[in-house]
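The next block is final_4.cif, given as mmCIF, C-alpha atoms.
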```
data_run
loop_
_atom_site.group_PDB
_atom_site.id
_atom_site.type_symbol
_atom_site.label_atom_id
_atom_site.label_comp_id
_atom_site.auth_asym_id
_atom_site.auth_seq_id
_atom_site.Cartn_x
_atom_site.Cartn_y
_atom_site.Cartn_z
ATOM 1 C CA MET A 1 -32.373 -5.954 3.860
ATOM 2 C CA THR A 2 -33.811 -9.448 3.933
ATOM 3 C CA ARG A 3 -32.701 -12.066 6.436
ATOM 4 C CA LYS A 4 -30.736 -13.875 3.724
ATOM 5 C CA GLU A 5 -28.909 -10.658 2.822
ATOM 6 C CA VAL A 6 -28.014 -10.034 6.463
ATOM 7 C CA THR A 7 -26.652 -13.570 6.741
ATOM 8 C CA PHE A 8 -24.700 -13.194 3.492
ATOM 9 C CA THR A 9 -23.209 -9.908 4.705
ATOM 10 C CA ARG A 10 -22.112 -11.523 7.965
ATOM 11 C CA ILE A 11 -20.471 -14.336 6.038
ATOM 12 C CA ILE A 12 -18.539 -11.886 3.849
ATOM 13 C CA ARG A 13 -17.334 -9.969 6.906
ATOM 14 C CA SER A 14 -16.307 -13.107 8.802
ATOM 15 C CA ARG A 15 -12.736 -14.199 9.428
ATOM 16 C CA GLY A 16 -13.368 -17.494 7.693
ATOM 17 C CA MET A 17 -14.360 -15.744 4.473
ATOM 18 C CA ALA A 18 -11.332 -13.441 4.763
ATOM 19 C CA ALA A 19 -9.105 -16.513 4.976
ATOM 20 C CA LEU A 20 -10.792 -18.048 1.926
ATOM 21 C CA ILE A 21 -10.366 -14.821 -0.062
ATOM 22 C CA ALA A 22 -6.674 -14.704 0.873
ATOM 23 C CA LEU A 23 -6.256 -18.349 -0.164
ATOM 24 C CA ALA A 24 -7.987 -17.575 -3.458
ATOM 25 C CA ALA A 25 -5.525 -14.735 -4.027
ATOM 26 C CA VAL A 26 -2.569 -17.051 -3.367
ATOM 27 C CA PHE A 27 -4.053 -19.621 -5.774
ATOM 28 C CA MET A 28 -4.506 -16.947 -8.455
ATOM 29 C CA THR A 29 -0.879 -15.894 -8.062
ATOM 30 C CA PHE A 30 0.326 -19.486 -8.157
ATOM 31 C CA GLN A 31 -1.645 -20.137 -11.349
ATOM 32 C CA ALA A 32 -0.209 -17.032 -12.994
ATOM 33 C CA TYR A 33 3.298 -18.197 -12.113
ATOM 34 C CA ILE A 34 2.683 -21.700 -13.494
ATOM 35 C CA PHE A 35 1.410 -20.274 -16.780
ATOM 36 C CA GLY A 36 4.385 -17.916 -17.081
ATOM 37 C CA LYS A 37 2.410 -14.717 -16.603
ATOM 38 C CA VAL A 38 4.652 -13.238 -13.923
ATOM 39 C CA THR A 39 6.692 -10.902 -16.082
ATOM 40 C CA PRO A 40 9.996 -9.904 -14.415
ATOM 41 C CA VAL A 41 10.000 -6.325 -13.160
ATOM 42 C CA GLY A 42 13.441 -4.779 -13.141
ATOM 43 C CA ASP A 43 14.095 -2.427 -10.238
ATOM 44 C CA PHE A 44 16.886 -0.103 -11.308
ATOM 45 C CA ARG A 45 16.319 3.006 -9.203
ATOM 46 C CA THR A 46 18.928 2.251 -6.571
ATOM 47 C CA ILE A 47 21.889 4.286 -5.377
ATOM 48 C CA ALA A 48 23.375 1.905 -2.825
ATOM 49 C CA PHE A 49 22.338 -1.669 -2.133
ATOM 50 C CA PRO A 50 21.336 -4.144 -4.846
ATOM 51 C CA THR A 51 17.820 -3.692 -6.103
ATOM 52 C CA PRO A 52 15.238 -5.909 -4.289
ATOM 53 C CA SER A 53 14.299 -7.799 -7.459
ATOM 54 C CA GLU A 54 17.876 -9.132 -7.501
ATOM 55 C CA TRP A 55 17.927 -10.323 -3.898
ATOM 56 C CA LEU A 56 16.345 -13.655 -4.754
ATOM 57 C CA SER A 57 17.636 -15.216 -7.959
ATOM 58 C CA ASP A 58 15.200 -18.149 -7.809
ATOM 59 C CA SER A 59 11.813 -17.014 -9.158
ATOM 60 C CA TRP A 60 10.006 -19.674 -7.098
ATOM 61 C CA ILE A 61 11.492 -18.362 -3.856
ATOM 62 C CA SER A 62 10.790 -14.790 -4.971
ATOM 63 C CA LEU A 63 7.141 -15.742 -5.538
ATOM 64 C CA TRP A 64 6.594 -17.108 -2.050
ATOM 65 C CA ALA A 65 8.688 -14.412 -0.420
ATOM 66 C CA ASN A 66 6.478 -11.749 -1.963
ATOM 67 C CA ILE A 67 3.302 -13.584 -0.986
ATOM 68 C CA ALA A 68 4.606 -13.724 2.583
ATOM 69 C CA VAL A 69 5.478 -10.003 2.607
ATOM 70 C CA THR A 70 2.098 -9.074 1.111
ATOM 71 C CA LEU A 71 0.308 -11.155 3.738
ATOM 72 C CA GLY A 72 2.510 -9.432 6.301
ATOM 73 C CA ALA A 73 1.404 -6.027 5.008
ATOM 74 C CA GLY A 74 -2.200 -7.182 5.391
ATOM 75 C CA ALA A 75 -1.454 -8.244 8.965
ATOM 76 C CA VAL A 76 0.000 -4.797 9.716
ATOM 77 C CA MET A 77 -3.182 -3.223 8.346
ATOM 78 C CA ILE A 78 -5.281 -5.394 10.667
ATOM 79 C CA PHE A 79 -3.044 -4.460 13.590
ATOM 80 C CA ILE A 80 -3.410 -0.751 12.784
ATOM 81 C CA ASN A 81 -7.196 -1.066 12.693
ATOM 82 C CA ARG A 82 -7.368 -2.986 15.955
ATOM 83 C CA SER A 83 -4.958 -0.649 17.728
ATOM 84 C CA PHE A 84 -6.615 2.615 16.670
ATOM 85 C CA ASN A 85 -10.150 1.536 15.667
ATOM 86 C CA ILE A 86 -9.790 3.164 12.248
ATOM 87 C CA LEU A 87 -12.753 1.408 10.649
ATOM 88 C CA ARG A 88 -14.931 1.135 13.771
ATOM 89 C CA THR A 89 -15.171 -2.623 13.203
ATOM 90 C CA THR A 90 -13.202 -5.772 14.004
ATOM 91 C CA SER A 91 -13.874 -7.277 10.578
ATOM 92 C CA VAL A 92 -10.703 -8.160 8.652
ATOM 93 C CA PHE A 93 -12.435 -8.192 5.273
ATOM 94 C CA PHE A 94 -10.596 -5.054 4.143
ATOM 95 C CA ALA A 95 -7.226 -6.799 4.509
ATOM 96 C CA ALA A 96 -8.447 -9.811 2.517
ATOM 97 C CA TYR A 97 -9.764 -7.402 -0.123
ATOM 98 C CA PHE A 98 -6.293 -5.815 -0.294
ATOM 99 C CA ILE A 99 -4.614 -9.172 -0.876
ATOM 100 C CA PHE A 100 -7.189 -10.165 -3.499
ATOM 101 C CA ILE A 101 -6.914 -7.029 -5.623
ATOM 102 C CA THR A 102 -3.118 -7.236 -5.447
ATOM 103 C CA ALA A 103 -3.355 -10.770 -6.845
ATOM 104 C CA ALA A 104 -5.270 -9.283 -9.797
ATOM 105 C CA THR A 105 -1.888 -7.945 -10.990
ATOM 106 C CA PRO A 106 0.225 -11.145 -11.209
ATOM 107 C CA GLU A 107 3.468 -9.418 -12.145
ATOM 108 C CA VAL A 108 3.286 -7.389 -8.918
ATOM 109 C CA MET A 109 2.060 -10.127 -6.579
ATOM 110 C CA GLY A 110 4.126 -12.901 -8.155
ATOM 111 C CA GLN A 111 7.632 -11.636 -7.429
ATOM 112 C CA PHE A 112 9.548 -9.875 -4.701
ATOM 113 C CA THR A 113 10.307 -6.254 -5.613
ATOM 114 C CA ALA A 114 10.644 -2.847 -3.979
ATOM 115 C CA SER A 115 6.851 -2.478 -4.202
ATOM 116 C CA SER A 116 6.439 -4.952 -1.341
ATOM 117 C CA LEU A 117 9.016 -3.146 0.763
ATOM 118 C CA LEU A 118 7.296 0.189 0.169
ATOM 119 C CA ALA A 119 3.938 -1.170 1.321
ATOM 120 C CA ILE A 120 5.143 -2.768 4.530
ATOM 121 C CA ALA A 121 7.529 0.094 5.374
ATOM 122 C CA VAL A 122 4.918 2.826 4.859
ATOM 123 C CA MET A 123 2.221 0.865 6.704
ATOM 124 C CA GLY A 124 4.678 0.388 9.562
ATOM 125 C CA ALA A 125 5.561 4.084 9.525
ATOM 126 C CA THR A 126 1.848 4.939 9.536
ATOM 127 C CA TRP A 127 1.288 2.777 12.619
ATOM 128 C CA ILE A 128 4.146 4.573 14.383
ATOM 129 C CA MET A 129 2.674 7.954 13.440
ATOM 130 C CA PHE A 130 -0.728 6.979 14.796
ATOM 131 C CA SER A 131 0.882 5.936 18.075
ATOM 132 C CA ILE A 132 2.257 9.435 18.752
ATOM 133 C CA TYR A 133 -0.869 11.492 18.172
ATOM 134 C CA ASP A 134 -0.642 14.674 20.253
ATOM 135 C CA ARG A 135 2.371 13.427 22.253
ATOM 136 C CA ARG A 136 5.070 15.967 23.020
ATOM 137 C CA VAL A 137 7.652 13.286 23.863
ATOM 138 C CA SER A 138 7.748 11.529 20.517
ATOM 139 C CA ALA A 139 11.008 12.510 18.804
ATOM 140 C CA ARG A 140 12.386 8.965 18.921
ATOM 141 C CA ARG A 141 9.418 7.539 17.050
ATOM 142 C CA VAL A 142 9.530 10.358 14.505
ATOM 143 C CA TYR A 143 13.201 9.493 14.036
ATOM 144 C CA LEU A 144 12.222 5.838 13.470
ATOM 145 C CA VAL A 145 9.590 6.748 10.857
ATOM 146 C CA PHE A 146 12.071 8.675 8.765
ATOM 147 C CA PHE A 147 14.790 6.106 9.388
ATOM 148 C CA LEU A 148 12.538 3.562 7.625
ATOM 149 C CA LEU A 149 12.107 5.936 4.688
ATOM 150 C CA GLY A 150 15.838 6.622 4.575
ATOM 151 C CA LEU A 151 16.571 2.903 4.605
ATOM 152 C CA GLY A 152 14.173 2.399 1.718
ATOM 153 C CA GLN A 153 15.908 5.083 -0.304
ATOM 154 C CA LEU A 154 19.070 2.985 -0.363
ATOM 155 C CA VAL A 155 17.334 0.333 -2.487
ATOM 156 C CA GLU A 156 14.764 2.481 -4.363
ATOM 157 C CA TYR A 157 15.255 6.229 -4.397
ATOM 158 C CA CYS A 158 11.560 6.887 -5.089
ATOM 159 C CA PHE A 159 11.046 6.346 -1.342
ATOM 160 C CA VAL A 160 12.109 9.984 -1.090
ATOM 161 C CA LEU A 161 8.726 11.030 -2.452
ATOM 162 C CA TYR A 162 7.110 10.030 0.845
ATOM 163 C CA ILE A 163 9.211 12.398 2.954
ATOM 164 C CA PRO A 164 6.854 15.378 2.320
ATOM 165 C CA VAL A 165 3.860 13.127 3.035
ATOM 166 C CA PHE A 166 5.129 12.245 6.489
ATOM 167 C CA ILE A 167 6.227 15.811 7.157
ATOM 168 C CA ILE A 168 2.574 16.745 6.600
ATOM 169 C CA ALA A 169 1.673 13.821 8.875
ATOM 170 C CA LEU A 170 3.519 15.534 11.720
ATOM 171 C CA GLY A 171 0.979 18.330 11.479
ATOM 172 C CA GLN A 172 -1.885 15.838 11.222
ATOM 173 C CA MET A 173 -0.720 14.195 14.448
ATOM 174 C CA LYS A 174 -0.352 17.582 16.194
ATOM 175 C CA ILE A 175 3.360 17.145 16.851
ATOM 176 C CA PHE A 176 4.850 19.484 14.270
ATOM 177 C CA SER A 177 7.796 21.347 15.821
ATOM 178 C CA PHE A 178 11.435 22.182 15.185
ATOM 179 C CA LYS A 179 12.561 19.280 17.347
ATOM 180 C CA LYS A 180 10.446 16.811 15.365
ATOM 181 C CA ILE A 181 11.712 18.196 12.049
ATOM 182 C CA LEU A 182 15.264 17.780 13.307
ATOM 183 C CA ALA A 183 14.491 14.192 14.341
ATOM 184 C CA ALA A 184 13.032 13.580 10.868
ATOM 185 C CA ILE A 185 16.143 14.941 9.129
ATOM 186 C CA LEU A 186 18.492 12.897 11.299
ATOM 187 C CA GLY A 187 16.397 9.758 10.872
ATOM 188 C CA ASN A 188 16.349 10.115 7.109
ATOM 189 C CA ILE A 189 20.095 10.606 6.701
ATOM 190 C CA THR A 190 21.201 7.998 9.265
ATOM 191 C CA PRO A 191 21.043 4.933 6.954
ATOM 192 C CA ALA A 192 23.151 6.685 4.301
ATOM 193 C CA TRP A 193 25.454 8.020 7.016
ATOM 194 C CA ILE A 194 26.067 4.482 8.260
ATOM 195 C CA ALA A 195 26.417 2.981 4.772
ATOM 196 C CA TRP A 196 28.893 5.509 3.412
ATOM 197 C CA GLY A 197 30.312 6.999 6.587
ATOM 198 C CA LEU A 198 31.644 3.599 7.603
ATOM 199 C CA ALA A 199 32.719 2.835 4.022
ATOM 200 C CA LEU A 200 30.383 -0.142 3.812
ATOM 201 C CA LEU A 201 29.486 0.833 0.253
ATOM 202 C CA PRO A 202 31.333 2.583 -2.586
ATOM 203 C CA LYS A 203 30.625 6.247 -3.206
ATOM 204 C CA PRO A 204 27.214 6.527 -4.894
ATOM 205 C CA GLU A 205 26.529 8.021 -8.266
ATOM 206 C CA LEU A 206 23.737 10.519 -8.719
ATOM 207 C CA PRO A 207 20.609 8.879 -10.161
ATOM 208 C CA ILE A 208 19.840 9.558 -13.792
ATOM 209 C CA LEU A 209 16.346 10.911 -14.293
ATOM 210 C CA GLU A 210 14.798 10.146 -17.657
ATOM 211 C CA PHE A 211 11.472 11.142 -19.138
ATOM 212 C CA THR A 212 9.588 8.427 -20.956
ATOM 213 C CA HIS A 213 6.674 9.343 -23.164
ATOM 214 C CA PRO A 214 3.366 7.751 -22.052
ATOM 215 C CA ALA A 215 2.918 6.294 -25.524
ATOM 216 C CA ARG A 216 5.761 3.890 -24.794
ATOM 217 C CA LEU A 217 3.847 2.224 -21.981
ATOM 218 C CA LEU A 218 0.550 2.274 -23.848
ATOM 219 C CA SER A 219 2.201 0.706 -26.882
ATOM 220 C CA MET A 220 2.884 -2.469 -24.864
ATOM 221 C CA PRO A 221 -0.323 -4.600 -24.915
ATOM 222 C CA GLU A 222 0.993 -6.858 -22.159
ATOM 223 C CA SER A 223 0.866 -3.896 -19.760
ATOM 224 C CA TRP A 224 -2.776 -3.044 -20.441
ATOM 225 C CA PRO A 225 -4.289 -5.473 -17.874
ATOM 226 C CA LEU A 226 -2.091 -3.987 -15.157
ATOM 227 C CA LEU A 227 -3.044 -0.455 -16.180
ATOM 228 C CA ALA A 228 -6.717 -1.460 -16.145
ATOM 229 C CA ALA A 229 -6.384 -2.797 -12.583
ATOM 230 C CA VAL A 230 -4.639 0.380 -11.441
ATOM 231 C CA ALA A 231 -7.305 2.533 -13.111
ATOM 232 C CA LEU A 232 -10.013 0.550 -11.289
ATOM 233 C CA THR A 233 -8.185 1.035 -7.986
ATOM 234 C CA LEU A 234 -7.814 4.772 -8.532
ATOM 235 C CA LEU A 235 -11.483 5.098 -9.464
ATOM 236 C CA THR A 236 -12.529 3.067 -6.413
ATOM 237 C CA GLY A 237 -10.409 5.208 -4.110
ATOM 238 C CA PHE A 238 -11.811 8.428 -5.555
ATOM 239 C CA VAL A 239 -15.474 7.371 -5.406
ATOM 240 C CA PHE A 240 -15.425 5.619 -2.048
ATOM 241 C CA GLY A 241 -13.182 8.282 -0.522
ATOM 242 C CA ASN A 242 -15.725 10.956 -1.380
ATOM 243 C CA LEU A 243 -18.650 8.836 -0.200
ATOM 244 C CA ASN A 244 -16.908 8.208 3.121
ATOM 245 C CA LEU A 245 -15.936 11.845 3.664
ATOM 246 C CA ILE A 246 -19.187 13.042 5.215
ATOM 247 C CA LYS A 247 -19.267 10.170 7.717
ATOM 248 C CA ILE A 248 -15.609 10.599 8.652
ATOM 249 C CA MET A 249 -16.124 14.328 9.266
ATOM 250 C CA GLY A 250 -18.453 13.308 12.094
ATOM 251 C CA PHE A 251 -15.675 11.455 13.923
ATOM 252 C CA ASN A 252 -13.720 12.994 16.788
ATOM 253 C CA ALA A 253 -10.528 14.971 16.127
ATOM 254 C CA GLN A 254 -8.202 12.033 16.688
ATOM 255 C CA ALA A 255 -10.101 9.710 14.348
ATOM 256 C CA ARG A 256 -10.251 12.461 11.725
ATOM 257 C CA ALA A 257 -6.478 12.895 12.007
ATOM 258 C CA TYR A 258 -5.906 9.165 11.496
ATOM 259 C CA ASN A 259 -8.180 9.008 8.477
ATOM 260 C CA GLY A 260 -6.769 12.290 7.188
ATOM 261 C CA LEU A 261 -3.296 10.765 7.102
ATOM 262 C CA LEU A 262 -4.584 7.695 5.254
ATOM 263 C CA THR A 263 -6.367 9.963 2.769
ATOM 264 C CA ILE A 264 -3.246 12.063 2.147
ATOM 265 C CA LEU A 265 -1.246 8.870 1.709
ATOM 266 C CA SER A 266 -3.805 7.537 -0.773
ATOM 267 C CA ILE A 267 -3.887 10.729 -2.825
ATOM 268 C CA ALA A 268 -0.112 11.070 -2.847
ATOM 269 C CA THR A 269 0.426 7.460 -3.914
ATOM 270 C CA GLY A 270 -2.156 7.829 -6.687
ATOM 271 C CA ILE A 271 -0.438 10.977 -7.953
ATOM 272 C CA PHE A 272 3.001 9.352 -7.791
ATOM 273 C CA ALA A 273 1.697 6.350 -9.753
ATOM 274 C CA LEU A 274 0.299 8.616 -12.474
ATOM 275 C CA VAL A 275 3.274 10.964 -12.721
ATOM 276 C CA ASN A 276 5.946 8.297 -12.372
ATOM 277 C CA PHE A 277 3.988 5.927 -14.611
ATOM 278 C CA THR A 278 7.010 4.045 -15.970
ATOM 279 C CA ASN A 279 7.642 2.880 -12.386
ATOM 280 C CA ILE A 280 3.944 2.291 -11.697
ATOM 281 C CA THR A 281 4.476 -1.221 -10.318
ATOM 282 C CA PHE A 282 6.415 0.291 -7.409
ATOM 283 C CA TYR A 283 3.277 1.981 -6.044
ATOM 284 C CA ILE A 284 0.603 -0.634 -6.698
ATOM 285 C CA ILE A 285 0.725 -2.642 -3.453
ATOM 286 C CA LEU A 286 0.692 0.463 -1.250
ATOM 287 C CA LEU A 287 -2.052 2.013 -3.372
ATOM 288 C CA ASN A 288 -4.118 -1.145 -2.942
ATOM 289 C CA ALA A 289 -3.605 -1.025 0.827
ATOM 290 C CA CYS A 290 -4.728 2.604 1.049
ATOM 291 C CA VAL A 291 -7.820 2.012 -1.066
ATOM 292 C CA ALA A 292 -8.651 -1.122 0.939
ATOM 293 C CA PHE A 293 -9.116 1.095 4.001
ATOM 294 C CA GLN A 294 -11.594 3.203 2.029
ATOM 295 C CA VAL A 295 -13.472 0.094 0.931
ATOM 296 C CA GLY A 296 -13.498 -1.080 4.546
ATOM 297 C CA HIS A 297 -15.026 2.237 5.608
ATOM 298 C CA PHE A 298 -17.653 2.075 2.891
ATOM 299 C CA PHE A 299 -18.635 -1.487 3.771
ATOM 300 C CA ARG A 300 -18.910 -0.555 7.439
ATOM 301 C CA PHE A 301 -21.050 2.522 6.737
ATOM 302 C CA THR A 302 -23.378 0.657 4.363
ATOM 303 C CA VAL A 303 -23.413 -2.728 6.084
ATOM 304 C CA MET A 304 -27.181 -2.563 6.586
ATOM 305 C CA ARG A 305 -27.879 -0.862 3.260
ATOM 306 C CA ARG A 306 -26.781 -3.615 0.872
ATOM 307 C CA GLY A 307 -23.191 -2.434 0.798
ATOM 308 C CA TYR A 308 -22.192 -6.001 -0.023
ATOM 309 C CA ILE A 309 -23.415 -5.484 -3.601
ATOM 310 C CA ALA A 310 -20.814 -2.820 -4.380
ATOM 311 C CA VAL A 311 -18.022 -4.699 -2.613
ATOM 312 C CA VAL A 312 -18.704 -8.074 -4.237
ATOM 313 C CA SER A 313 -19.134 -6.377 -7.624
ATOM 314 C CA LEU A 314 -15.754 -4.705 -7.222
ATOM 315 C CA MET A 315 -14.031 -7.986 -6.436
ATOM 316 C CA ALA A 316 -15.673 -9.543 -9.483
ATOM 317 C CA ALA A 317 -14.505 -6.576 -11.575
ATOM 318 C CA TYR A 318 -10.880 -7.249 -10.573
ATOM 319 C CA LEU A 319 -11.167 -10.699 -12.099
ATOM 320 C CA GLY A 320 -11.378 -8.926 -15.465
ATOM 321 C CA PRO A 321 -7.793 -7.571 -15.486
ATOM 322 C CA TYR A 322 -6.561 -10.848 -13.973
ATOM 323 C CA ILE A 323 -8.165 -12.992 -16.668
ATOM 324 C CA TRP A 324 -6.977 -10.512 -19.282
ATOM 325 C CA ALA A 325 -3.419 -10.812 -17.986
ATOM 326 C CA MET A 326 -3.672 -14.590 -18.110
ATOM 327 C CA THR A 327 -4.709 -14.538 -21.770
ATOM 328 C CA VAL A 328 -2.338 -11.886 -23.146
#
```

Represent the structure from my file as structure tokens, please.
Amino acid sequence: MTRKEVTFTRIIRSRGMAALIALAAVFMTFQAYIFGKVTPVGDFRTIAFPTPSEWLSDSWISLWANIAVTLGAGAVMIFINRSFNILRTTSVFFAAYFIFITAATPEVMGQFTASSLLAIAVMGATWIMFSIYDRRVSARRVYLVFFLLGLGQLVEYCFVLYIPVFIIALGQMKIFSFKKILAAILGNITPAWIAWGLALLPKPELPILEFTHPARLLSMPESWPLLAAVALTLLTGFVFGNLNLIKIMGFNAQARAYNGLLTILSIATGIFALVNFTNITFYIILLNACVAFQVGHFFRFTVMRRGYIAVVSLMAAYLGPYIWAMTV
């Protein structure tokens, strides 16, 4: 690499550039809102509390609330990296990248929905899981992880899909035991126990599961930019995940366990987004967060081998779906 390339790479990885990228993402979202490109997403998969998209009736407040929650999810990602040295770097570029690619889908970034809650809840649960690696006395934190998932299920029942993921995580963290499984079960049922056991909510009705043919989604041109952004994210996660694998295998057991959990979470979220495609917006923010870790790894591993080219090219590529969404 030339001296100019080294300097450019340092600028990209700096905190100042991360702040500018985040501000650019907020500006993109604001512009989409002004031009009426933030299409309302109706959350209807609830069995208890009102759906998150109905919590804030004012679209302007919903916009800024979601921006704040998304920035909060990015902050949690930074905290996870600094606490457990996931990426072997103090650069916060990966979090800025996460915010930027989320802004490439205005209808997800521009309004408060269950997607934001999923991202911050799962990132929080991941941090808790990392904190109890190989600790015998950890039942309370396991309880808390599944309590968060159980709480999420009261506003969006697709949270239940992440129960098997975090059960697997118990094995990844070397704490899988009957006591931890019991703590997980109790944590997951406690929110519903409180809500209905104390008669705070009426008796729930069983959710109605419906199959929607993929052609229905593909027949809506306004959804194509979002699908293009998701496809780019899935492709990025697959390619960079495989490129990072060899390097990660050289880490110690604890670091491999941490990255293994993030990989499982990434794969599971990608599969859920594809299978449950009619609810694809629910998974996008979390999927972006998971893939951002992979991009952060790649940039760290290739920092002195012109890795900036791939990263900057990717960010430019996300402008395609954004501009497309603005013109549809």

Hey, what's within 10 Å of Ala289 in chain A if we count all atoms listed in the file and toss same-chain stuff fewer than 5 positions away? As an mmCIF file with C-alpha atoms, in the coordinates of the input, please?
```cif
data_model
loop_
_atom_site.group_PDB
_atom_site.id
_atom_site.type_symbol
_atom_site.label_atom_id
_atom_site.label_comp_id
_atom_site.auth_asym_id
_atom_site.auth_seq_id
_atom_site.Cartn_x
_atom_site.Cartn_y
_atom_site.Cartn_z
ATOM 1 C CA THR A 70 2.098 -9.074 1.111
ATOM 2 C CA ALA A 73 1.404 -6.027 5.008
ATOM 3 C CA GLY A 74 -2.200 -7.182 5.391
ATOM 4 C CA MET A 77 -3.182 -3.223 8.346
ATOM 5 C CA PHE A 94 -10.596 -5.054 4.143
ATOM 6 C CA ALA A 95 -7.226 -6.799 4.509
ATOM 7 C CA TYR A 97 -9.764 -7.402 -0.123
ATOM 8 C CA PHE A 98 -6.293 -5.815 -0.294
ATOM 9 C CA ILE A 99 -4.614 -9.172 -0.876
ATOM 10 C CA ILE A 101 -6.914 -7.029 -5.623
ATOM 11 C CA THR A 102 -3.118 -7.236 -5.447
ATOM 12 C CA ALA A 119 3.938 -1.170 1.321
ATOM 13 C CA ILE A 120 5.143 -2.768 4.530
ATOM 14 C CA MET A 123 2.221 0.865 6.704
ATOM 15 C CA LEU A 262 -4.584 7.695 5.254
ATOM 16 C CA SER A 266 -3.805 7.537 -0.773
ATOM 17 C CA ILE A 284 0.603 -0.634 -6.698
ATOM 18 C CA GLN A 294 -11.594 3.203 2.029
ATOM 19 C CA VAL A 295 -13.472 0.094 0.931
#
```

Residues of range 64-173 of chain A that have any atom at most 9 Å from an atom of range 242-256 of chain A: could you tabulate them with the shortest-distance atom pair and the distance in Å to one decimal, using only C-alpha atoms, ordered by chain and increasing number, as a Markdown table?
```
| residue | atom | partner | partner_atom | distance |
| --- | --- | --- | --- | --- |
| A:Phe84 | CA | A:Ala255 | CA | 8.2 |
| A:Asn85 | CA | A:Ala255 | CA | 8.3 |
| A:Ile86 | CA | A:Ala255 | CA | 6.9 |
| A:Tyr133 | CA | A:Gln254 | CA | 7.5 |
| A:Asp134 | CA | A:Gln254 | CA | 8.8 |
| A:Met173 | CA | A:Gln254 | CA | 8.1 |
```

Discussion item. Can you pull out the residues contacting Gly124 in chain A? Cut-off 12 Å, using all atoms listed in the file, and skip same-chain residues under 4 positions away; I want them as a ChimeraX atom specification.
Written reply: /A:72-80,117-120,128-131,141,144-149,286

Worksheet entry | Result set, the PyMOL selection byres ((chain A and resi 11-28) around 6) on current file, as JSON, numbers by chain | {"A": [8, 9, 10, 29, 30, 31, 91, 93, 96, 100, 103]}

Worksheet item: Contacts of range 52-63 of chain A at 12 Å or less, counting only C-alpha atoms, minus same-chain residues fewer than 6 places along, as a ChimeraX atom specification?
Response: /A:26-27,29-34,36,38-46,69-70,103,106-118,152-156,282
